[in-house]
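This is upload-v2.cif (mmCIF, C-alpha atoms and all ligand atoms).
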data_input
#
loop_
_atom_site.label_atom_id
_atom_site.label_comp_id
_atom_site.auth_asym_id
_atom_site.auth_seq_id
_atom_site.Cartn_x
_atom_site.Cartn_y
_atom_site.Cartn_z
CA MET S 1 64.05 168.70 129.28
CA THR S 2 61.56 169.95 131.83
CA GLU S 3 61.03 173.69 131.66
CA ASP S 4 62.51 176.17 134.11
CA ILE S 5 59.58 177.32 136.22
CA ILE S 6 61.72 179.79 138.19
CA SER S 7 64.65 181.66 136.78
CA VAL S 8 66.66 184.04 138.94
CA ARG S 9 69.11 186.34 137.17
CA GLY S 10 71.43 188.56 139.15
CA THR S 11 68.74 188.99 141.80
CA ALA S 12 69.84 190.86 144.94
CA LYS S 13 68.20 192.62 147.88
CA SER S 14 69.43 195.51 149.96
CA TYR S 15 67.89 197.12 153.02
CA GLY S 16 69.34 200.60 153.21
CA LYS S 17 73.04 200.25 152.46
CA LYS S 18 73.20 196.61 153.49
CA GLU S 19 72.96 194.00 150.75
CA VAL S 20 71.41 191.00 152.56
CA VAL S 21 71.05 188.88 149.41
CA HIS S 22 73.97 189.21 147.00
CA PRO S 23 73.30 188.70 143.26
CA LEU S 24 72.05 185.14 142.71
CA ASN S 25 71.69 183.17 139.49
CA PHE S 26 69.82 179.87 139.47
CA SER S 27 66.79 178.15 138.06
CA VAL S 28 64.32 175.57 139.28
CA LYS S 29 62.55 173.03 137.08
CA ARG S 30 58.86 172.22 137.21
CA GLY S 31 58.19 169.49 139.75
CA GLU S 32 61.49 169.91 141.55
CA ILE S 33 62.01 170.29 145.32
CA LEU S 34 64.79 172.74 146.17
CA ALA S 35 65.88 173.14 149.78
CA VAL S 36 67.64 176.35 150.77
CA ILE S 37 69.59 175.54 153.90
CA GLY S 38 71.74 177.84 155.95
CA PRO S 39 72.08 179.45 159.35
CA SER S 40 69.70 182.05 160.69
CA GLY S 41 70.22 185.46 159.08
CA ALA S 42 71.68 184.01 155.86
CA GLY S 43 68.99 185.65 153.70
CA LYS S 44 66.75 182.62 153.07
CA SER S 45 63.45 184.30 153.99
CA THR S 46 64.32 187.43 152.04
CA LEU S 47 64.98 185.30 148.97
CA LEU S 48 61.67 183.46 149.39
CA ARG S 49 59.75 186.72 149.76
CA MET S 50 61.27 187.99 146.51
CA LEU S 51 60.35 184.76 144.70
CA ASP S 52 56.82 184.96 146.10
CA THR S 53 56.69 188.51 144.65
CA ILE S 54 55.86 189.99 148.09
CA GLU S 55 59.16 191.83 148.18
CA PRO S 56 60.63 193.56 145.11
CA ALA S 57 64.24 192.72 144.25
CA SER S 58 66.70 195.62 144.48
CA GLU S 59 68.65 194.33 141.50
CA GLY S 60 68.32 191.73 138.76
CA GLU S 61 65.31 189.88 137.42
CA ILE S 62 63.04 187.00 138.39
CA PHE S 63 61.06 184.99 135.86
CA LEU S 64 58.17 182.80 137.00
CA PHE S 65 56.53 180.47 134.46
CA GLY S 66 58.67 182.22 131.84
CA GLU S 67 57.20 185.61 132.68
CA LYS S 68 59.20 188.45 134.20
CA VAL S 69 58.07 189.60 137.64
CA THR S 70 57.17 193.29 137.49
CA LYS S 71 54.89 195.57 139.49
CA HIS S 72 52.18 194.80 136.96
CA SER S 73 52.60 191.04 136.62
CA ALA S 74 53.24 190.32 140.32
CA HIS S 75 49.62 190.25 141.42
CA ARG S 76 48.51 187.89 138.65
CA LEU S 77 51.52 185.62 139.11
CA ARG S 78 50.92 185.45 142.85
CA ASN S 79 47.64 183.62 142.20
CA ARG S 80 49.71 180.68 141.02
CA LEU S 81 51.96 180.68 144.10
CA GLY S 82 51.52 179.57 147.70
CA MET S 83 53.50 180.38 150.83
CA LEU S 84 53.56 178.64 154.21
CA PHE S 85 55.32 180.36 157.10
CA GLN S 86 56.92 179.05 160.24
CA LYS S 87 54.32 180.66 162.46
CA THR S 88 50.84 179.16 162.34
CA VAL S 89 48.14 181.82 162.09
CA LEU S 90 44.65 180.44 162.49
CA PHE S 91 41.45 182.32 163.12
CA ASP S 92 39.09 181.37 165.91
CA ARG S 93 36.81 179.42 163.63
CA THR S 94 36.41 175.84 162.44
CA VAL S 95 39.12 174.07 160.49
CA GLU S 96 36.89 174.09 157.42
CA GLU S 97 36.38 177.87 157.65
CA ASN S 98 40.09 178.47 158.15
CA ILE S 99 40.93 176.51 155.02
CA ALA S 100 38.19 178.21 153.02
CA LEU S 101 39.84 181.57 153.81
CA GLY S 102 42.58 180.56 151.38
CA LEU S 103 40.05 180.98 148.58
CA SER S 104 38.31 184.11 149.87
CA TYR S 105 40.03 186.49 147.43
CA ARG S 106 39.88 184.17 144.47
CA PHE S 107 36.27 184.51 143.29
CA VAL S 108 35.47 180.86 143.91
CA SER S 109 31.80 180.02 144.43
CA ARG S 110 30.54 178.78 147.77
CA GLU S 111 29.84 175.26 146.46
CA GLU S 112 33.23 175.04 144.76
CA THR S 113 34.93 176.26 147.95
CA LYS S 114 33.15 173.61 150.01
CA LYS S 115 34.11 170.91 147.54
CA ARG S 116 37.75 171.96 147.39
CA VAL S 117 38.09 172.22 151.18
CA ALA S 118 36.62 168.71 151.55
CA GLU S 119 39.00 167.41 148.87
CA VAL S 120 42.08 168.88 150.45
CA LEU S 121 41.12 167.60 153.91
CA GLU S 122 40.55 164.16 152.47
CA SER S 123 43.86 164.10 150.61
CA MET S 124 45.58 164.97 153.87
CA GLY S 125 43.67 162.30 155.80
CA MET S 126 42.07 165.02 157.94
CA SER S 127 38.39 164.86 156.96
CA GLU S 128 37.29 164.33 160.55
CA TYR S 129 38.85 167.67 161.54
CA ALA S 130 36.48 169.73 159.35
CA HIS S 131 34.19 170.95 162.12
CA ARG S 132 36.77 171.15 164.90
CA SER S 133 37.48 174.56 166.34
CA SER S 134 41.01 175.72 165.50
CA ARG S 135 41.50 176.43 169.21
CA THR S 136 41.45 172.70 169.98
CA LEU S 137 44.32 171.80 167.63
CA SER S 138 47.87 170.84 168.62
CA GLY S 139 50.79 172.76 167.10
CA GLY S 140 51.32 170.11 164.45
CA GLU S 141 47.62 169.90 163.56
CA GLY S 142 47.41 173.70 163.34
CA GLN S 143 50.34 173.84 160.94
CA ARG S 144 48.73 171.10 158.82
CA VAL S 145 45.57 173.21 158.62
CA SER S 146 47.68 176.22 157.57
CA PHE S 147 49.22 174.00 154.90
CA ALA S 148 45.75 172.91 153.76
CA ARG S 149 44.77 176.59 153.48
CA VAL S 150 47.63 177.06 151.02
CA LEU S 151 47.01 173.82 149.12
CA VAL S 152 43.33 174.57 148.57
CA THR S 153 44.44 177.36 146.20
CA LYS S 154 46.22 174.71 144.07
CA PRO S 155 49.54 176.53 143.85
CA GLU S 156 51.90 175.56 141.06
CA ILE S 157 54.87 176.71 143.12
CA LEU S 158 54.90 176.32 146.87
CA PHE S 159 57.25 178.28 149.11
CA LEU S 160 57.78 176.88 152.60
CA ASP S 161 59.63 179.11 155.03
CA GLU S 162 60.92 176.99 157.94
CA PRO S 163 57.54 175.20 158.05
CA THR S 164 58.48 172.79 160.83
CA ALA S 165 60.67 175.05 162.98
CA ASN S 166 58.07 175.10 165.78
CA LEU S 167 57.03 171.45 165.57
CA ASP S 168 58.12 168.37 167.50
CA PRO S 169 59.87 165.55 165.58
CA VAL S 170 56.72 163.48 165.07
CA ALA S 171 54.65 166.43 163.80
CA THR S 172 57.63 167.39 161.60
CA ARG S 173 57.66 163.96 159.95
CA VAL S 174 53.89 164.09 159.35
CA LEU S 175 54.15 167.49 157.65
CA GLU S 176 57.18 166.34 155.64
CA GLU S 177 55.14 163.38 154.35
CA MET S 178 52.40 165.81 153.30
CA ILE S 179 54.93 168.02 151.54
CA LEU S 180 56.31 165.03 149.61
CA HIS S 181 52.78 163.84 148.82
CA GLU S 182 51.88 167.25 147.36
CA ASN S 183 55.00 167.19 145.20
CA ARG S 184 54.56 163.59 144.00
CA VAL S 185 50.82 163.66 143.39
CA ASN S 186 50.24 167.20 142.10
CA LYS S 187 53.77 167.72 140.69
CA THR S 188 53.94 170.99 142.63
CA THR S 189 57.32 172.71 142.51
CA ILE S 190 58.54 173.35 146.05
CA ILE S 191 61.18 175.61 147.55
CA ILE S 192 61.70 175.01 151.24
CA ASN S 193 63.86 177.06 153.57
CA THR S 194 65.24 175.19 156.51
CA HIS S 195 68.03 175.49 159.02
CA ASP S 196 67.70 171.73 159.54
CA GLN S 197 70.21 170.18 157.17
CA ALA S 198 68.76 166.69 157.63
CA GLN S 199 65.35 167.95 156.53
CA GLY S 200 66.95 169.30 153.36
CA GLN S 201 68.45 165.88 152.74
CA ARG S 202 65.16 164.07 153.39
CA LEU S 203 63.03 166.22 151.10
CA ALA S 204 65.04 167.85 148.36
CA ASP S 205 66.18 166.94 144.86
CA ARG S 206 68.67 169.77 144.99
CA VAL S 207 70.04 171.78 147.88
CA ALA S 208 71.39 175.33 147.98
CA VAL S 209 73.60 176.18 150.95
CA MET S 210 73.14 179.88 151.73
CA MET S 211 75.52 181.81 153.96
CA ASN S 212 75.86 185.57 154.37
CA GLY S 213 73.52 186.28 151.44
CA SER S 214 75.22 184.01 148.88
CA PHE S 215 74.91 180.42 147.75
CA VAL S 216 78.18 178.76 148.73
CA GLN S 217 77.05 175.52 147.13
CA PHE S 218 74.20 174.40 144.90
CA GLY S 219 73.83 170.78 143.88
CA SER S 220 72.23 167.41 144.51
CA ALA S 221 71.62 166.49 148.14
CA ASP S 222 74.46 163.95 147.94
CA GLU S 223 76.91 166.49 146.52
CA VAL S 224 76.14 168.96 149.28
CA PHE S 225 76.21 166.43 152.13
CA TYR S 226 79.12 164.29 151.00
CA HIS S 227 81.19 166.80 149.01
CA PRO S 228 80.86 170.17 150.75
CA VAL S 229 82.88 172.88 149.03
CA ASN S 230 84.55 174.30 152.10
CA GLU S 231 84.85 174.05 155.85
CA ALA S 232 81.91 176.36 156.64
CA ALA S 233 79.57 174.39 154.37
CA ALA S 234 80.91 171.11 155.78
CA LYS S 235 80.25 172.19 159.36
CA PHE S 236 76.75 173.28 158.45
CA VAL S 237 75.91 169.90 156.87
CA GLY S 238 77.17 168.09 159.95
CA VAL S 239 80.65 166.89 158.99
CA GLN S 240 82.31 166.32 162.35
CA ASN S 241 85.82 165.37 161.25
CA ILE S 242 87.56 168.23 159.46
CA PHE S 243 91.35 168.17 159.56
CA THR S 244 93.95 170.40 158.00
CA GLY S 245 96.46 168.14 156.33
CA ILE S 246 98.90 167.86 153.48
CA VAL S 247 99.23 165.92 150.26
CA ARG S 248 102.39 163.88 150.34
CA ASN S 249 103.35 161.38 147.62
CA GLY S 250 99.77 161.41 146.34
CA SER S 251 98.16 160.66 149.72
CA ALA S 252 96.19 162.86 152.14
CA VAL S 253 97.90 162.92 155.52
CA SER S 254 97.16 164.62 158.83
CA GLY S 255 98.53 164.00 162.33
CA GLY S 256 100.53 161.05 160.98
CA VAL S 257 97.32 159.37 159.71
CA VAL S 258 97.20 158.47 156.00
CA PHE S 259 93.54 159.00 155.06
CA GLY S 260 93.68 157.77 151.47
CA PRO S 261 94.80 158.76 148.00
CA ALA S 262 94.61 162.39 146.86
CA PRO S 263 95.15 161.96 143.12
CA HIS S 264 93.77 165.33 142.01
CA PHE S 265 95.71 167.50 144.42
CA PRO S 266 99.24 168.84 144.09
CA ASP S 267 101.50 168.55 147.13
CA GLY S 268 100.48 171.18 149.69
CA ILE S 269 97.90 171.97 152.34
CA ILE S 270 94.36 170.56 152.09
CA GLN S 271 91.24 170.04 154.21
CA ILE S 272 90.32 166.44 154.93
CA MET S 273 86.68 165.67 155.76
CA LEU S 274 85.10 162.49 157.00
CA ARG S 275 81.58 162.10 158.37
CA ALA S 276 81.38 160.59 161.87
CA GLU S 277 78.87 157.96 160.71
CA ASP S 278 81.21 156.84 157.90
CA ILE S 279 83.82 155.64 160.39
CA SER S 280 83.54 152.20 161.93
CA LEU S 281 84.86 151.32 165.33
CA SER S 282 85.98 147.95 166.59
CA LYS S 283 87.79 146.38 169.51
CA THR S 284 89.06 143.54 167.31
CA GLY S 285 89.45 143.49 163.53
CA VAL S 286 88.17 145.76 160.76
CA PRO S 287 86.35 144.81 157.56
CA GLU S 288 88.60 144.26 154.56
CA GLY S 289 89.25 146.95 151.99
CA ARG S 290 89.23 149.81 154.47
CA VAL S 291 91.79 152.25 155.69
CA SER S 292 92.32 151.54 159.35
CA VAL S 293 94.26 153.02 162.23
CA GLN S 294 94.65 152.21 165.86
CA GLY S 295 93.68 154.76 168.49
CA ARG S 296 92.77 155.31 172.08
CA VAL S 297 89.25 156.19 173.26
CA VAL S 298 89.05 159.72 174.65
CA SER S 299 85.34 159.81 175.49
CA ALA S 300 82.06 158.05 174.70
CA GLU S 301 78.67 159.75 174.86
CA ARG S 302 75.14 158.75 173.89
CA SER S 303 73.66 160.97 171.20
CA GLY S 304 70.20 159.85 170.10
CA ALA S 305 70.42 156.44 168.46
CA PHE S 306 74.20 156.68 168.26
CA LEU S 307 77.14 156.44 170.56
CA ASN S 308 79.58 159.23 169.80
CA VAL S 309 83.09 158.05 170.54
CA ARG S 310 86.10 160.34 170.32
CA VAL S 311 89.27 158.50 169.45
CA ASP S 312 92.84 159.81 169.48
CA ALA S 313 94.67 158.19 166.60
CA GLY S 314 97.09 161.00 165.83
CA CYS S 315 94.09 163.22 165.03
CA ILE S 316 91.07 163.26 167.35
CA PHE S 317 88.32 161.45 165.45
CA SER S 318 84.62 161.69 166.18
CA VAL S 319 82.89 158.39 165.41
CA ASN S 320 79.15 157.71 165.50
CA CYS S 321 78.25 154.08 165.97
CA PRO S 322 74.80 152.47 166.19
CA PHE S 323 75.69 150.95 169.55
CA ARG S 324 72.58 148.83 169.95
CA GLN S 325 73.66 146.73 166.97
CA THR S 326 76.82 145.53 168.70
CA GLY S 327 76.06 146.21 172.34
CA ASP S 328 79.68 147.36 172.67
CA THR S 329 80.64 149.95 175.23
CA TYR S 330 83.82 151.99 175.19
CA VAL S 331 85.78 153.45 178.06
CA PRO S 332 88.40 156.19 177.95
CA GLY S 333 91.91 154.79 177.50
CA GLU S 334 90.78 151.66 175.69
CA ILE S 335 92.67 150.74 172.48
CA VAL S 336 90.40 150.44 169.41
CA GLN S 337 90.59 150.22 165.63
CA ILE S 338 88.83 152.79 163.51
CA ALA S 339 88.29 152.31 159.79
CA TRP S 340 86.69 153.95 156.77
CA ARG S 341 86.23 153.38 153.07
CA ILE S 342 88.54 155.40 150.86
CA ASP S 343 85.58 156.95 149.03
CA ALA S 344 84.17 158.31 152.32
CA VAL S 345 87.10 160.75 152.53
CA HIS S 346 86.38 164.13 150.99
CA LEU S 347 89.20 166.56 150.25
CA THR S 348 89.11 170.26 149.48
CA LYS S 349 91.73 172.89 148.89
CA SER S 350 92.68 174.72 152.04
CA ALA S 351 90.87 178.06 152.42
P1 LIG H 401 67.12 183.90 157.24
O1 LIG H 401 65.78 183.65 156.67
O2 LIG H 401 68.21 183.11 156.55
O3 LIG H 401 67.18 183.74 158.73
P2 LIG H 401 66.55 186.68 156.60
O4 LIG H 401 66.28 186.72 155.15
O5 LIG H 401 65.38 186.70 157.53
O6 LIG H 401 67.52 185.43 156.94
O7 LIG H 401 67.49 187.90 156.99
C1 LIG H 401 68.70 188.19 156.32
C2 LIG H 401 69.25 189.51 156.84
O8 LIG H 401 68.41 190.57 156.39
C3 LIG H 401 69.30 189.60 158.35
O9 LIG H 401 70.48 190.27 158.71
C4 LIG H 401 68.07 190.41 158.69
O10 LIG H 401 68.26 191.14 159.87
C5 LIG H 401 67.96 191.34 157.48
N1 LIG H 401 66.57 191.76 157.19
C6 LIG H 401 65.54 190.93 156.87
N2 LIG H 401 64.42 191.64 156.64
C7 LIG H 401 64.74 192.95 156.83
C8 LIG H 401 64.01 194.19 156.75
N3 LIG H 401 62.71 194.22 156.42
N4 LIG H 401 64.69 195.33 157.01
C9 LIG H 401 66.00 195.33 157.34
N5 LIG H 401 66.75 194.20 157.43
C10 LIG H 401 66.12 193.02 157.18
#
Any chance you could give the structure as C-alpha cells?
Ligand code: ADP
Amino acid sequence: MTEDIISVRGTAKSYGKKEVVHPLNFSVKRGEILAVIGPSGAGKSTLLRMLDTIEPASEGEIFLFGEKVTKHSAHRLRNRLGMLFQKTVLFDRTVEENIALGLSYRFVSREETKKRVAEVLESMGMSEYAHRSSRTLSGGEGQRVSFARVLVTKPEILFLDEPTANLDPVATRVLEEMILHENRVNKTTIIINTHDQAQGQRLADRVAVMMNGSFVQFGSADEVFYHPVNEAAAKFVGVQNIFTGIVRNGSAVSGGVVFGPAPHFPDGIIQIMLRAEDISLSKTGVPEGRVSVQGRVVSAERSGAFLNVRVDAGCIFSVNCPFRQTGDTYVPGEIVQIAWRIDAVHLTKSA
C-alpha cells in the first residue's frame, strides 16, 4: 500500500461563530490527484489553506508526511508544499527572474537557482520564454510562469486553487497537461480545487464533492459522475435528467416510463437519474438491448458539439446527441424514439 501523505482527522474551520468547514476526515496517498469540486463558497479554498498550513484549523488535526501540523512544524513542512492560486501575480521582471523568486527564501545558490529555472522551463517546453518580460505574456502564459515558480521549489504536495478559472479553454488544456505531466513524471501529489466538474473528471483519481462546508461524496471520478449520492451532487456533476419516481414490482417508474430494474430498492419513492449524453435519439429504430420509449420533440438547441433535444415521453427528457455524426435535425412536435442502457440509470433514495 502506498503511504498516506495527507491525513485529515476531524479538521474544521470557523470564522467567528460560523463554521465554514465542518469536521472532515480523509486521507490522500502519495502520487494521487484529488479534485475538490463544489460551488463557490463551499469551503474549498479554506480547506486548501489549512492543508497548506497557511491557516490554522479551528478543530481537529492534519498530518502531512506522517507529521502533525503544529505552530512549530508548519514552517518546516511548508518547504515541501507548493500552492498555485487562481490569480496570476507576476512581477515586472523577466520570466526567468519571476521563476527564480520561488527559490529566494530557500537558501539555494545562484548557480543552482539558474540551473533549476532552466530545467523547469525546459520541462514545460518554455525555454524560449526565459528572457521575455512578464508584461508581454498572455493570461495563459502568465499562469504557466506562476506554475513554474511553484514547481521550481520541487514540492512533494501541490495545492492548486482554481488554477484555470481565469483562462480560456485552450490555455486551460495546456495547463492541465502540465499538471498531469508533473504528477506522472515527478509523482507529485496534487489537490486541485475546481468549480468545473469536467476538469475534476479529466484530472483526478478521486473526487470530493464539497457543499456547504462538508464532503457530500468522496470517491473515484466514475463513482461521483455516474453514481452521485443525491440530487444536489447530481446537479453539480451535470446530470440533466433527475426524476422523482417510484419502485413498482421491482422496476423504477416515473411519468408512466419504466426506466429499468430497481432490485435493491423496496417499493416507495426514489430519485431516477440519467445523464443526457447516455440517452440516444432516433427517428427510426433503436439499438437492441436498450430500454426505449416513444416521445415528442419539445425543443432542439445547439450546445457546443452537441444538439440538446428535449423530448416529452411522459417525463421531459433532456438528450445530448453528437448531431454532426448523423446530420439529423429535430423539430418540435416530431415523434422520436429515445433509448438508454439499463446500467446508465442511477437510482437513489428520495431525500
Ligand atoms: P470556496 O473556495 O469553495 O469558494 P471559501 O473557502 O473561499 O469557499 O469560503 C467558504 C466560506 O467561508 C464563504 O462563506 C466565505 O465567505 C467564508 N470565508 C472565507 N474566508 C473567510 C475569512 N477570512 N473570514 C470570514 N469568512 C471567510
Once you count all atoms listed in the file, which residues end up within 7 Å of ligand LIG 401 (chain H), and could you hand them over as a ChimeraX atom specification?
/S:15,20,38-47
Using only C-alpha atoms, find each residue of segment 99-133 of chain S with at least one atom at most 10 Å away from an atom of segment 157-178 of chain S; report its shortest atom-to-atom pair and that distance in Å (one decimal), sort the rows by chain and rising residue number, and return the result as a tab-separated table.
residue	atom	partner	partner_atom	distance
S:Ser123	CA	S:Met178	CA	9.1
S:Met124	CA	S:Met178	CA	6.9
S:Gly125	CA	S:Met178	CA	9.7
Report as a PDB file with C-alpha atoms, in the coordinates of the input all protein, DNA and RNA residues lying within 12 Å of segment 285-288 of chain S, evaluated on all atoms listed in the file, omitting residues in the same chain fewer than 5 positions from it.
ATOM      1  CA  ILE S 279      83.820 155.640 160.390  1.00  0.00           C
ATOM      2  CA  SER S 280      83.540 152.200 161.930  1.00  0.00           C
ATOM      3  CA  VAL S 293      94.260 153.020 162.230  1.00  0.00           C
ATOM      4  CA  GLN S 294      94.650 152.210 165.860  1.00  0.00           C
ATOM      5  CA  ILE S 335      92.670 150.740 172.480  1.00  0.00           C
ATOM      6  CA  VAL S 336      90.400 150.440 169.410  1.00  0.00           C
ATOM      7  CA  GLN S 337      90.590 150.220 165.630  1.00  0.00           C
ATOM      8  CA  ILE S 338      88.830 152.790 163.510  1.00  0.00           C
ATOM      9  CA  ALA S 339      88.290 152.310 159.790  1.00  0.00           C
ATOM     10  CA  TRP S 340      86.690 153.950 156.770  1.00  0.00           C
ATOM     11  CA  ARG S 341      86.230 153.380 153.070  1.00  0.00           C
ATOM     12  CA  ILE S 342      88.540 155.400 150.860  1.00  0.00           C
TER      13      ILE S 342
END
S:Val95, S:Ser104, S:Arg248, S:Ile270 ranked by distance to Leu137 of chain S, top pick (using all atoms listed in the file)
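Going through S:Val95, S:Ser104, S:Arg248, S:Ile270 one by one, the smallest distance to Leu137 of chain S is for S:Val95.
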Using all atoms listed in the file: which of S:Pro263, S:Gly256, S:Gly238, S:Gly304 has the shortest distance to Arg275 of chain S
S:Gly238
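Of the residues under consideration (S:Val291, S:Ala313, S:Ile6, S:Ile37), S:Ile37 shows the shortest atom-to-atom contact distance to Phe236 of chain S when counting all atoms listed in the file.
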Quick one: everything within 6 Å of segment 148-156 of chain S, counting all atoms listed in the file, minus sequence neighbours fewer than 2 positions away in the same chain. Send it as number ranges by chain.
S: 80-82, 99, 102, 145-146, 188
Which is closest to His22 of chain S among S:Ser134, S:Asn79, S:Ser251, S:Asn212, if we use all atoms listed in the file?
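Closest candidate: S:Asn212.
The coordinates place atom CA of Pro23 of chain S at 19.7 Å from atom CA of Gly66 of chain S.
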Within 9 Å of (70.1, 182.4, 141.7), in the coordinates the file gives, what residues turn up when you count all atoms listed in the file, written out as a PyMOL selection string?
chain S and resi 7-11+23-27+214-215
Restricting the calculation to all atoms listed in the file, which member of S:Gly139, S:Lys68, S:Val237, S:Tyr226 is positioned closest to Val209 of chain S?
S:Val237
All residues 8 Å or closer to Gly314 of chain S, all atoms listed in the file, same chain fewer than 5 positions away omitted, as a PyMOL selection string:
chain S and resi 254-257+295
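Atom CA of Asn308 of chain S to atom CA of Ala276 of chain S spans 8.2 Å [interatomic distance, one decimal].
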Taking only C-alpha atoms into account, name the residue in S:His264, S:Glu128, S:Leu281, S:Ala208 that is nearest to Gly250 of chain S.
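The closest residue to Gly250 of chain S is S:His264.
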Rounded to one decimal, what separation in Å do you get between atom CA of Phe259 of chain S and atom CA of Gly327 of chain S?
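One can read the atom CA of Phe259 of chain S to atom CA of Gly327 of chain S distance as 27.7 Å.
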List as a short mmCIF file (atom, residue, chain, number, x, y, z; two decimals) with C-alpha atoms, in the frame of the given file the residues having at least one atom at most 8 Å from position (63.6, 186.3, 145.5) as given in the file, counting all atoms listed in the file.
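Output file result16.cif is given in full below:
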data_model
loop_
_atom_site.label_atom_id
_atom_site.label_comp_id
_atom_site.auth_asym_id
_atom_site.auth_seq_id
_atom_site.Cartn_x
_atom_site.Cartn_y
_atom_site.Cartn_z
CA VAL S 8 66.66 184.04 138.94
CA THR S 11 68.74 188.99 141.80
CA ALA S 12 69.84 190.86 144.94
CA THR S 46 64.32 187.43 152.04
CA LEU S 47 64.98 185.30 148.97
CA LEU S 48 61.67 183.46 149.39
CA ARG S 49 59.75 186.72 149.76
CA MET S 50 61.27 187.99 146.51
CA LEU S 51 60.35 184.76 144.70
CA ASP S 52 56.82 184.96 146.10
CA THR S 53 56.69 188.51 144.65
CA GLU S 55 59.16 191.83 148.18
CA PRO S 56 60.63 193.56 145.11
CA ALA S 57 64.24 192.72 144.25
CA ILE S 62 63.04 187.00 138.39
#
Set the distance at 8 Å and use all atoms listed in the file: which residues neighbour Lys114 of chain S once local chain neighbours fewer than 4 positions away are removed? I'd like the list as an NGL selection string.
:S and (100 or 110 or 118)
Please output segment 238-243 of chain S, rebuilt to include all heavy atoms, as an mmCIF file, in the coordinates of the input.
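What follows is the written file out.cif:
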data_model
loop_
_atom_site.group_PDB
_atom_site.id
_atom_site.type_symbol
_atom_site.label_atom_id
_atom_site.label_comp_id
_atom_site.auth_asym_id
_atom_site.auth_seq_id
_atom_site.Cartn_x
_atom_site.Cartn_y
_atom_site.Cartn_z
ATOM 1 N N GLY S 238 76.951 169.082 158.906
ATOM 2 C CA GLY S 238 77.170 168.090 159.950
ATOM 3 C C GLY S 238 78.386 167.201 159.792
ATOM 4 O O GLY S 238 78.409 166.094 160.321
ATOM 5 N N VAL S 239 79.405 167.677 159.070
ATOM 6 C CA VAL S 239 80.650 166.890 158.990
ATOM 7 C C VAL S 239 81.427 167.165 160.283
ATOM 8 O O VAL S 239 81.766 168.306 160.577
ATOM 9 C CB VAL S 239 81.498 167.286 157.760
ATOM 10 C CG1 VAL S 239 82.798 166.478 157.728
ATOM 11 C CG2 VAL S 239 80.712 167.081 156.480
ATOM 12 N N GLN S 240 81.676 166.108 161.042
ATOM 13 C CA GLN S 240 82.310 166.320 162.350
ATOM 14 C C GLN S 240 83.829 166.223 162.316
ATOM 15 O O GLN S 240 84.498 166.717 163.212
ATOM 16 C CB GLN S 240 81.762 165.312 163.354
ATOM 17 C CG GLN S 240 80.298 165.557 163.663
ATOM 18 C CD GLN S 240 79.853 164.722 164.847
ATOM 19 O OE1 GLN S 240 80.633 164.317 165.676
ATOM 20 N NE2 GLN S 240 78.566 164.455 164.913
ATOM 21 N N ASN S 241 84.359 165.530 161.309
ATOM 22 C CA ASN S 241 85.820 165.370 161.250
ATOM 23 C C ASN S 241 86.369 166.222 160.114
ATOM 24 O O ASN S 241 86.196 165.890 158.933
ATOM 25 C CB ASN S 241 86.182 163.910 161.020
ATOM 26 C CG ASN S 241 85.731 163.042 162.175
ATOM 27 O OD1 ASN S 241 86.320 163.084 163.251
ATOM 28 N ND2 ASN S 241 84.655 162.296 161.966
ATOM 29 N N ILE S 242 86.957 167.347 160.465
ATOM 30 C CA ILE S 242 87.560 168.230 159.460
ATOM 31 C C ILE S 242 88.990 168.506 159.925
ATOM 32 O O ILE S 242 89.190 169.083 161.003
ATOM 33 C CB ILE S 242 86.780 169.562 159.341
ATOM 34 C CG1 ILE S 242 85.296 169.274 159.050
ATOM 35 C CG2 ILE S 242 87.393 170.446 158.261
ATOM 36 C CD1 ILE S 242 84.401 170.509 159.048
ATOM 37 N N PHE S 243 89.949 168.027 159.162
ATOM 38 C CA PHE S 243 91.350 168.170 159.560
ATOM 39 C C PHE S 243 92.121 168.934 158.501
ATOM 40 O O PHE S 243 91.880 168.748 157.304
ATOM 41 C CB PHE S 243 92.007 166.792 159.720
ATOM 42 C CG PHE S 243 91.264 165.866 160.636
ATOM 43 C CD1 PHE S 243 90.642 164.724 160.149
ATOM 44 C CD2 PHE S 243 91.178 166.137 162.003
ATOM 45 C CE1 PHE S 243 89.955 163.865 160.996
ATOM 46 C CE2 PHE S 243 90.490 165.282 162.858
ATOM 47 C CZ PHE S 243 89.877 164.148 162.346
#
